[in-house]
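What follows is the content of upload34.cif, which has mmCIF, C-alpha atoms and all ligand atoms:
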data_start
#
loop_
_atom_site.label_atom_id
_atom_site.label_comp_id
_atom_site.auth_asym_id
_atom_site.auth_seq_id
_atom_site.Cartn_x
_atom_site.Cartn_y
_atom_site.Cartn_z
CA MET A 1 97.75 119.63 108.51
CA ALA A 2 97.58 123.39 108.53
CA GLY A 3 97.71 125.32 105.27
CA VAL A 4 99.64 122.52 103.57
CA THR A 5 100.84 123.01 100.02
CA VAL A 6 103.01 120.56 98.10
CA ARG A 7 104.74 121.68 94.91
CA ARG A 8 106.83 119.38 92.72
CA GLY A 9 108.26 120.11 89.30
CA GLY A 10 106.52 123.49 89.13
CA GLN A 11 103.10 121.92 89.84
CA SER A 12 100.91 122.24 92.92
CA LEU A 13 100.02 118.70 93.96
CA LEU A 14 98.22 119.87 97.12
CA ARG A 15 96.92 123.35 97.81
CA GLU A 16 96.24 124.87 101.20
CA ILE A 17 95.03 121.70 102.91
CA THR A 18 93.86 122.10 106.49
CA TRP A 19 92.75 118.79 107.94
CA ARG A 20 92.60 117.18 111.35
CA VAL A 21 92.03 113.50 112.16
CA GLU A 22 91.13 112.59 115.74
CA HIS A 23 92.21 109.27 117.24
CA ASP A 24 88.72 107.75 117.26
CA GLN A 25 87.84 108.79 113.70
CA ARG A 26 87.84 106.71 110.51
CA TRP A 27 88.25 108.83 107.38
CA VAL A 28 87.75 108.02 103.73
CA VAL A 29 89.62 110.16 101.19
CA LEU A 30 87.89 110.19 97.80
CA GLY A 31 89.02 111.77 94.56
CA PRO A 32 89.73 111.10 90.89
CA ASN A 33 93.06 109.97 89.46
CA GLY A 34 95.75 112.58 90.05
CA ALA A 35 93.77 114.46 92.72
CA GLY A 36 96.66 114.24 95.20
CA LYS A 37 95.39 111.43 97.46
CA THR A 38 98.65 109.50 97.57
CA THR A 39 100.59 112.72 98.07
CA LEU A 40 98.33 113.48 101.04
CA LEU A 41 98.80 110.00 102.50
CA ASN A 42 102.59 110.19 102.17
CA LEU A 43 102.54 113.44 104.14
CA ALA A 44 100.34 111.85 106.80
CA ALA A 45 102.77 108.93 107.02
CA ALA A 46 105.77 111.24 107.56
CA ARG A 47 107.17 109.99 104.24
CA SER A 48 107.48 113.47 102.77
CA HIS A 49 107.54 117.15 103.72
CA PRO A 50 105.16 119.89 102.66
CA THR A 51 106.48 122.78 100.58
CA SER A 52 104.67 125.13 102.94
CA GLY A 53 102.32 124.78 105.89
CA SER A 54 102.74 122.40 108.79
CA VAL A 55 102.07 118.70 109.35
CA THR A 56 101.73 117.38 112.90
CA ILE A 57 101.41 113.63 113.33
CA LEU A 58 100.48 112.05 116.67
CA GLY A 59 101.56 115.25 118.40
CA ASP A 60 104.95 115.52 116.65
CA ARG A 61 105.56 118.17 114.06
CA VAL A 62 107.20 116.96 110.86
CA GLY A 63 110.52 118.78 110.51
CA ALA A 64 111.04 119.04 114.26
CA THR A 65 111.11 115.37 115.20
CA ASP A 66 112.86 112.08 114.38
CA LEU A 67 110.88 110.86 111.36
CA ALA A 68 112.06 107.25 111.75
CA VAL A 69 110.48 107.07 115.22
CA LEU A 70 107.33 108.74 113.98
CA ARG A 71 107.05 106.43 110.95
CA ALA A 72 107.06 103.40 113.22
CA ARG A 73 103.93 104.76 114.91
CA VAL A 74 102.07 104.95 111.61
CA GLY A 75 100.90 101.86 109.70
CA LEU A 76 100.98 102.43 105.96
CA SER A 77 99.82 100.21 103.11
CA THR A 78 100.36 101.46 99.57
CA VAL A 79 100.95 99.90 96.17
CA ALA A 80 104.46 101.38 96.14
CA LEU A 81 105.32 99.63 99.44
CA ALA A 82 103.63 96.40 98.33
CA ASP A 83 105.77 96.33 95.17
CA ARG A 84 108.88 96.12 97.37
CA LEU A 85 107.76 92.99 99.20
CA PRO A 86 109.90 89.99 98.14
CA ALA A 87 107.92 87.37 96.20
CA ASP A 88 109.89 84.48 97.70
CA GLU A 89 109.42 85.55 101.35
CA ARG A 90 107.11 83.53 103.60
CA VAL A 91 103.83 85.30 104.24
CA HIS A 92 104.50 85.09 107.98
CA ASP A 93 107.82 86.93 107.51
CA ILE A 94 106.22 89.58 105.29
CA VAL A 95 104.20 90.60 108.35
CA LEU A 96 106.92 89.94 110.94
CA THR A 97 109.62 92.10 109.28
CA ALA A 98 107.42 95.19 109.69
CA ALA A 99 108.50 95.09 113.36
CA TRP A 100 111.91 96.35 112.14
CA SER A 101 110.50 98.40 109.27
CA VAL A 102 112.38 96.23 106.79
CA VAL A 103 111.40 94.08 103.82
CA GLY A 104 113.14 90.74 103.50
CA ARG A 105 114.09 88.76 106.60
CA PHE A 106 117.82 88.86 107.28
CA ARG A 107 119.56 88.73 110.65
CA GLU A 108 117.14 90.75 112.75
CA GLY A 109 116.14 89.10 115.99
CA TYR A 110 112.47 88.61 116.66
CA ASP A 111 110.89 87.87 120.02
CA ALA A 112 108.27 85.19 120.49
CA VAL A 113 105.83 88.01 121.14
CA ASP A 114 106.53 89.38 117.62
CA GLU A 115 106.04 85.93 116.11
CA ASP A 116 102.75 85.55 117.98
CA ARG A 117 101.57 88.99 116.97
CA ALA A 118 102.27 88.26 113.28
CA CYS A 119 100.26 85.04 113.54
CA GLY A 120 97.45 86.82 115.38
CA LEU A 121 97.20 89.48 112.68
CA LEU A 122 97.23 86.89 109.91
CA ALA A 123 94.38 85.14 111.74
CA GLN A 124 92.50 88.42 112.15
CA LEU A 125 92.71 88.99 108.39
CA ASP A 126 91.79 85.32 107.68
CA VAL A 127 95.08 84.42 106.01
CA LEU A 128 96.80 82.41 108.75
CA ASP A 129 96.52 79.24 106.65
CA LEU A 130 98.77 80.95 104.08
CA ALA A 131 101.51 81.77 106.62
CA ASP A 132 104.09 79.37 105.15
CA ARG A 133 103.40 80.12 101.48
CA PRO A 134 105.77 82.33 99.45
CA TYR A 135 104.13 85.75 99.22
CA GLY A 136 104.46 85.75 95.41
CA THR A 137 102.10 82.76 95.12
CA LEU A 138 99.16 84.61 96.72
CA SER A 139 96.19 86.00 94.84
CA GLU A 140 95.73 89.77 94.75
CA GLY A 141 93.00 89.62 97.40
CA GLU A 142 95.14 87.48 99.70
CA ARG A 143 98.07 89.87 99.23
CA LYS A 144 95.93 92.86 100.17
CA ARG A 145 94.98 91.19 103.44
CA VAL A 146 98.61 90.33 104.19
CA GLN A 147 99.58 93.95 103.46
CA ILE A 148 97.02 95.19 105.99
CA ALA A 149 98.30 92.70 108.57
CA ARG A 150 101.81 94.03 107.92
CA ALA A 151 100.64 97.63 108.35
CA LEU A 152 99.17 96.67 111.74
CA MET A 153 102.30 94.81 112.94
CA THR A 154 103.83 97.74 114.86
CA ASP A 155 100.52 98.37 116.66
CA PRO A 156 100.29 101.77 114.98
CA GLU A 157 98.35 104.69 116.40
CA LEU A 158 97.39 105.73 112.87
CA LEU A 159 96.58 103.36 109.99
CA LEU A 160 96.75 104.65 106.40
CA LEU A 161 95.45 102.46 103.58
CA ASP A 162 95.85 103.53 99.95
CA GLU A 163 93.25 101.83 97.74
CA PRO A 164 93.21 98.54 99.66
CA ALA A 165 90.47 97.09 97.42
CA ALA A 166 92.07 97.97 94.06
CA GLY A 167 92.30 94.94 91.81
CA LEU A 168 90.01 92.74 93.89
CA ASP A 169 87.06 90.85 92.45
CA LEU A 170 83.56 91.46 93.79
CA ALA A 171 83.76 88.81 96.51
CA GLY A 172 87.27 89.87 97.47
CA ARG A 173 86.19 93.50 97.74
CA GLU A 174 83.16 92.64 99.83
CA GLN A 175 85.21 90.46 102.19
CA LEU A 176 87.79 93.21 102.58
CA VAL A 177 85.13 95.86 103.20
CA ALA A 178 83.62 93.61 105.89
CA ARG A 179 87.03 93.14 107.55
CA LEU A 180 87.71 96.86 107.49
CA ALA A 181 84.26 97.46 108.97
CA ARG A 182 85.13 95.10 111.83
CA LEU A 183 88.41 96.92 112.35
CA ALA A 184 86.64 100.30 112.24
CA ALA A 185 84.24 99.09 114.94
CA ASP A 186 87.06 98.00 117.26
CA PRO A 187 87.54 100.72 119.89
CA LEU A 188 91.17 99.62 120.28
CA ALA A 189 91.89 100.03 116.55
CA PRO A 190 94.03 102.97 115.47
CA ALA A 191 92.70 106.09 113.78
CA MET A 192 92.19 105.17 110.14
CA VAL A 193 92.42 106.90 106.78
CA LEU A 194 91.38 104.96 103.69
CA VAL A 195 91.96 106.28 100.18
CA THR A 196 89.66 105.08 97.42
CA HIS A 197 88.10 106.03 94.08
CA HIS A 198 84.84 104.23 94.81
CA VAL A 199 82.09 105.00 97.32
CA GLU A 200 81.18 101.27 97.22
CA GLU A 201 84.43 100.61 99.08
CA ILE A 202 83.58 102.75 102.11
CA PRO A 203 83.35 100.31 105.02
CA PRO A 204 80.42 100.69 107.43
CA GLY A 205 81.61 102.43 110.57
CA PHE A 206 83.70 105.01 108.73
CA THR A 207 82.90 108.36 110.24
CA HIS A 208 84.34 111.13 108.05
CA ALA A 209 85.13 111.98 104.44
CA LEU A 210 87.56 114.26 102.68
CA LEU A 211 86.90 114.91 98.98
CA LEU A 212 89.86 116.01 96.90
CA ARG A 213 90.07 117.42 93.38
CA GLN A 214 93.16 118.84 91.69
CA GLY A 215 95.00 119.10 94.97
CA ALA A 216 92.30 121.06 96.78
CA VAL A 217 89.61 120.05 99.27
CA VAL A 218 86.10 120.06 97.77
CA ALA A 219 84.44 119.11 101.07
CA GLN A 220 85.37 117.49 104.37
CA GLY A 221 83.60 116.53 107.57
CA PRO A 222 81.24 113.88 108.98
CA LEU A 223 80.61 111.22 106.33
CA ARG A 224 76.86 111.48 105.74
CA ALA A 225 76.81 115.28 105.74
CA THR A 226 79.86 115.55 103.48
CA LEU A 227 79.15 112.85 100.94
CA THR A 228 76.35 114.39 98.87
CA ASP A 229 75.38 114.24 95.19
CA ASP A 230 76.71 117.74 94.65
CA ALA A 231 80.00 117.27 96.49
CA LEU A 232 80.68 113.95 94.75
CA SER A 233 79.78 115.42 91.34
CA ALA A 234 82.10 118.38 91.92
CA THR A 235 84.88 116.03 93.02
CA PHE A 236 84.72 113.76 89.97
CA GLY A 237 83.63 116.42 87.46
CA LEU A 238 80.51 114.52 86.39
CA PRO A 239 76.86 114.73 87.51
CA LEU A 240 76.57 111.79 89.90
CA ARG A 241 73.76 110.34 91.96
CA LEU A 242 74.64 108.83 95.28
CA ASP A 243 72.48 106.17 96.94
CA LEU A 244 72.69 104.77 100.41
CA ALA A 245 71.45 101.20 100.86
CA GLY A 246 71.67 100.27 104.52
CA ASP A 247 75.16 101.36 105.49
CA ARG A 248 76.69 101.11 102.01
CA PHE A 249 77.00 103.75 99.31
CA THR A 250 76.66 103.38 95.55
CA ALA A 251 77.07 106.03 92.87
CA ARG A 252 76.21 106.34 89.19
CA ALA A 253 76.04 109.00 86.50
CA ARG A 254 72.87 111.11 86.49
N1 LIG B 301 107.41 114.31 91.80
C1 LIG B 301 106.40 114.79 91.08
N2 LIG B 301 106.59 115.80 90.19
C2 LIG B 301 105.57 116.28 89.45
N3 LIG B 301 104.30 115.84 89.56
C3 LIG B 301 104.04 114.85 90.42
C4 LIG B 301 105.06 114.27 91.23
N4 LIG B 301 104.51 113.29 92.00
C5 LIG B 301 103.19 113.28 91.68
N5 LIG B 301 102.91 114.19 90.73
C6 LIG B 301 101.59 114.50 90.13
O1 LIG B 301 100.77 114.94 91.19
C7 LIG B 301 99.42 114.59 90.96
C8 LIG B 301 98.86 113.90 92.19
O2 LIG B 301 99.42 112.62 92.33
P1 LIG B 301 98.91 111.57 93.40
O3 LIG B 301 99.65 110.29 93.18
O4 LIG B 301 98.97 112.16 94.75
O5 LIG B 301 97.39 111.42 92.96
P2 LIG B 301 96.27 110.35 93.38
O6 LIG B 301 95.07 111.14 93.74
O7 LIG B 301 96.82 109.42 94.39
O8 LIG B 301 96.05 109.63 92.00
P3 LIG B 301 95.60 108.11 91.65
O9 LIG B 301 94.18 108.01 92.07
O10 LIG B 301 95.77 108.06 90.16
O11 LIG B 301 96.52 107.19 92.38
C9 LIG B 301 99.43 113.72 89.70
O12 LIG B 301 99.03 114.53 88.61
C10 LIG B 301 100.89 113.31 89.55
O13 LIG B 301 101.23 113.12 88.19
#

Take the structure I supplied and represent it as structure tokens, if you would.
Amino acid sequence: MAGVTVRRGGQSLLREITWRVEHDQRWVVLGPNGAGKTTLLNLAAARSHPTSGSVTILGDRVGATDLAVLRARVGLSTVALADRLPADERVHDIVLTAAWSVVGRFREGYDAVDEDRACGLLAQLDVLDLADRPYGTLSEGERKRVQIARALMTDPELLLLDEPAAGLDLAGREQLVARLARLAADPLAPAMVLVTHHVEEIPPGFTHALLLRQGAVVAQGPLRATLTDDALSATFGLPLRLDLAGDRFTARAR
């Protein structure tokens, strides 16, 4: 993104964002409610256009390329997309239908290789035993894992996850963080961007951070250098103390 501004309804949702994600990087985007994180992710997923500035995704500039083709190269998991998943669909088909970028299995044809890939991803996220269950019967933590499997179905070159741990209990969060850490460590995994409100949810192996407040970048760069007491406090508008225990962060008010 180069000098990206997004204005909607007379408001600036993002202001002059310049940001580059390399293919081997894993970024966390942190910021308070309303900071513009989801707006940023939708731009990165070729789901929307900037008001000014340019967005180039996987070498293709948004506005000068077929967005449908580009979208297929980006795996996206957001609450808005999750809300569209049919409750009565088999978990296996929730993942499989991503191959056609649709929700709800209809008359699309799927190859055995697609079927196998869906099963493989469900296994990777430890939810293969739920493959035949209706999606609507899953717990929130199980759904989150299925959503990530779905986002990976097209073998994306860029994976964007919007608050994947929201609504999970402590064990669910920790299991998800561990899975994302494994994914981050996989050299074959796509470039990743994870949006969160909580430093506790940053998986080990994430390399960079972008801190956002009121649509503007507070700080960005390599994780440990960027995530400081001062930068985090400025981002959330509260004096915060950040601690690093092993490879995990915690934060509390000073
Ligand atoms: N179409 C729109 N018109 C006007 N304002 C909008 C529009 N879409 C989003 N906003 C506002 O833009 C701001 C940024 O929204 P966004 O969803 O990107 O924030 P966020 O950082 O993801 O927030 P949260 O952490 O609460 O999910 C919010 O104040 C929101 O109300």

- Item | Pick from A:Leu212, A:Val21, A:Ala171, A:Leu81, whichever lies nearest to ligand LIG 301 (chain B) using all atoms listed in the file |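 Using all atoms listed in the file, ligand LIG 301 (chain B) sits closest to A:Leu212.
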
Please report, as a Markdown table, each residue of region 188-225 of chain A lying at most 9 Å from region 38-51 of chain A, together with the nearest pair of atoms and the separation in Å rounded to one decimal; use all atoms listed in the file, and order rows by chain and ascending residue number.
| residue | atom | partner | partner_atom | distance |
| --- | --- | --- | --- | --- |
| A:Val193 | CA | A:Leu41 | CA | 8.3 |
| A:Val195 | CA | A:Thr38 | CA | 7.9 |
| A:Gly215 | CA | A:Leu40 | CA | 8.9 |

- Item | Test item: residues lying within 10 Å of ligand LIG 301 (chain B) with only C-alpha atoms and all ligand atoms, as a PyMOL selection string | chain A and resi 6-14+29-42+78-79+162-163+195-197+212-215

- Query: Between CA of Ser54 (chain A) and CA of Met1 (chain A), what is the distance, to one decimal in Å?
  - Reply: 5.7 Å

- Selection: 12 Å around Thr226 (chain A), only C-alpha atoms, excl. self and same-chain fewer than 5 positions, as a list in words: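 Near Thr226 (chain A), the qualifying residues are Trp27, Val28, Val29, Leu30, Thr207, His208, Ala209, Leu210, Leu211, Leu212, Val217, Val218, Ala219, Gln220, Gly221, Ala231, Leu232, Thr235 and Leu242 of chain A.
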
- Query: So which one's closest to Gly59 (chain A), A:Leu158, A:Val103, A:Leu194, A:Leu227? Using only C-alpha atoms, please.
  - Reply: A:Leu158

- Query: Quick one, how far is CA of Ala87 (chain A) from CA of Arg145 (chain A)?
  - Reply: 15.3 Å

- Got a sec to check which residues sit within 8 Å of (93.0, 88.1, 92.3), counting only C-alpha atoms, and write them as a list in words?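 The residues near that point, listed by chain and number, are Ser139, Glu140, Gly141, Glu142, Gly167, Leu168, Asp169 and Gly172 of chain A.
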
- Message: Quick check, in Å to one decimal: how far apart do CA of Leu244 (chain A) and CA of Leu188 (chain A) lie?
- Response: 27.6 Å

- Name the closest residue to Met192 (chain A) among the candidates A:Leu128, A:Leu223, A:Leu76, A:Ala251; distances are taken between atoms, counting only C-alpha atoms. A:Leu76

- Query: Quick one: of A:Val95, A:Val113, A:Leu238, A:Ala225, who's nearest to Tyr135 (chain A), counting all atoms listed in the file?
  - Reply: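 Result for the nearest residue to Tyr135 (chain A): A:Val95.
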
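Counting all atoms listed in the file, the residue from A:Leu160, A:Asp88, A:Ala178, A:Met153 that sits nearest to Pro134 (chain A) is A:Asp88.
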
- Message: From the options A:Val4, A:Leu159, A:Val69, A:Ala112, which residue's atoms come nearest to Gln25 (chain A), counting only C-alpha atoms?
- Response: A:Leu159

- Shell of 9 Å around Pro156 (chain A), only C-alpha atoms, local chain residues under 5 positions omitted, as a PyMOL selection string: chain A and resi 72-75+151+189-191

Restricted to C-alpha atoms, what would the selected residues look like written as a PDB file, in the coordinates of the input?
ATOM      1  CA  ALA A  72     107.060 103.400 113.220  1.00  0.00           C
ATOM      2  CA  ARG A  73     103.930 104.760 114.910  1.00  0.00           C
ATOM      3  CA  VAL A  74     102.070 104.950 111.610  1.00  0.00           C
ATOM      4  CA  GLY A  75     100.900 101.860 109.700  1.00  0.00           C
ATOM      5  CA  ALA A 151     100.640  97.630 108.350  1.00  0.00           C
ATOM      6  CA  ALA A 189      91.890 100.030 116.550  1.00  0.00           C
ATOM      7  CA  PRO A 190      94.030 102.970 115.470  1.00  0.00           C
ATOM      8  CA  ALA A 191      92.700 106.090 113.780  1.00  0.00           C
TER       9      ALA A 191
END

For a quick check of your reading of the model, name the residues lying within 8 Å of the coordinate (77.2, 97.7, 105.6), counting all atoms listed in the file, and write them as a PDB file with C-alpha atoms, in the coordinates of the input.
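Written file, selection-v9.pdb:
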ATOM      1  CA  ALA A 178      83.620  93.610 105.890  1.00  0.00           C
ATOM      2  CA  ALA A 181      84.260  97.460 108.970  1.00  0.00           C
ATOM      3  CA  PRO A 203      83.350 100.310 105.020  1.00  0.00           C
ATOM      4  CA  PRO A 204      80.420 100.690 107.430  1.00  0.00           C
ATOM      5  CA  GLY A 246      71.670 100.270 104.520  1.00  0.00           C
ATOM      6  CA  ASP A 247      75.160 101.360 105.490  1.00  0.00           C
ATOM      7  CA  ARG A 248      76.690 101.110 102.010  1.00  0.00           C
TER       8      ARG A 248
END

- Message: Need to verify the contact set: Val127 (chain A), 12 Å, all atoms listed in the file, exclusion of same-chain residues closer than 5 positions in sequence. Can you return it as an MDAnalysis selection string?
- Response: chainID A and resid 91:92 95 118:122 132:133 135 138:139 141:150 176 179
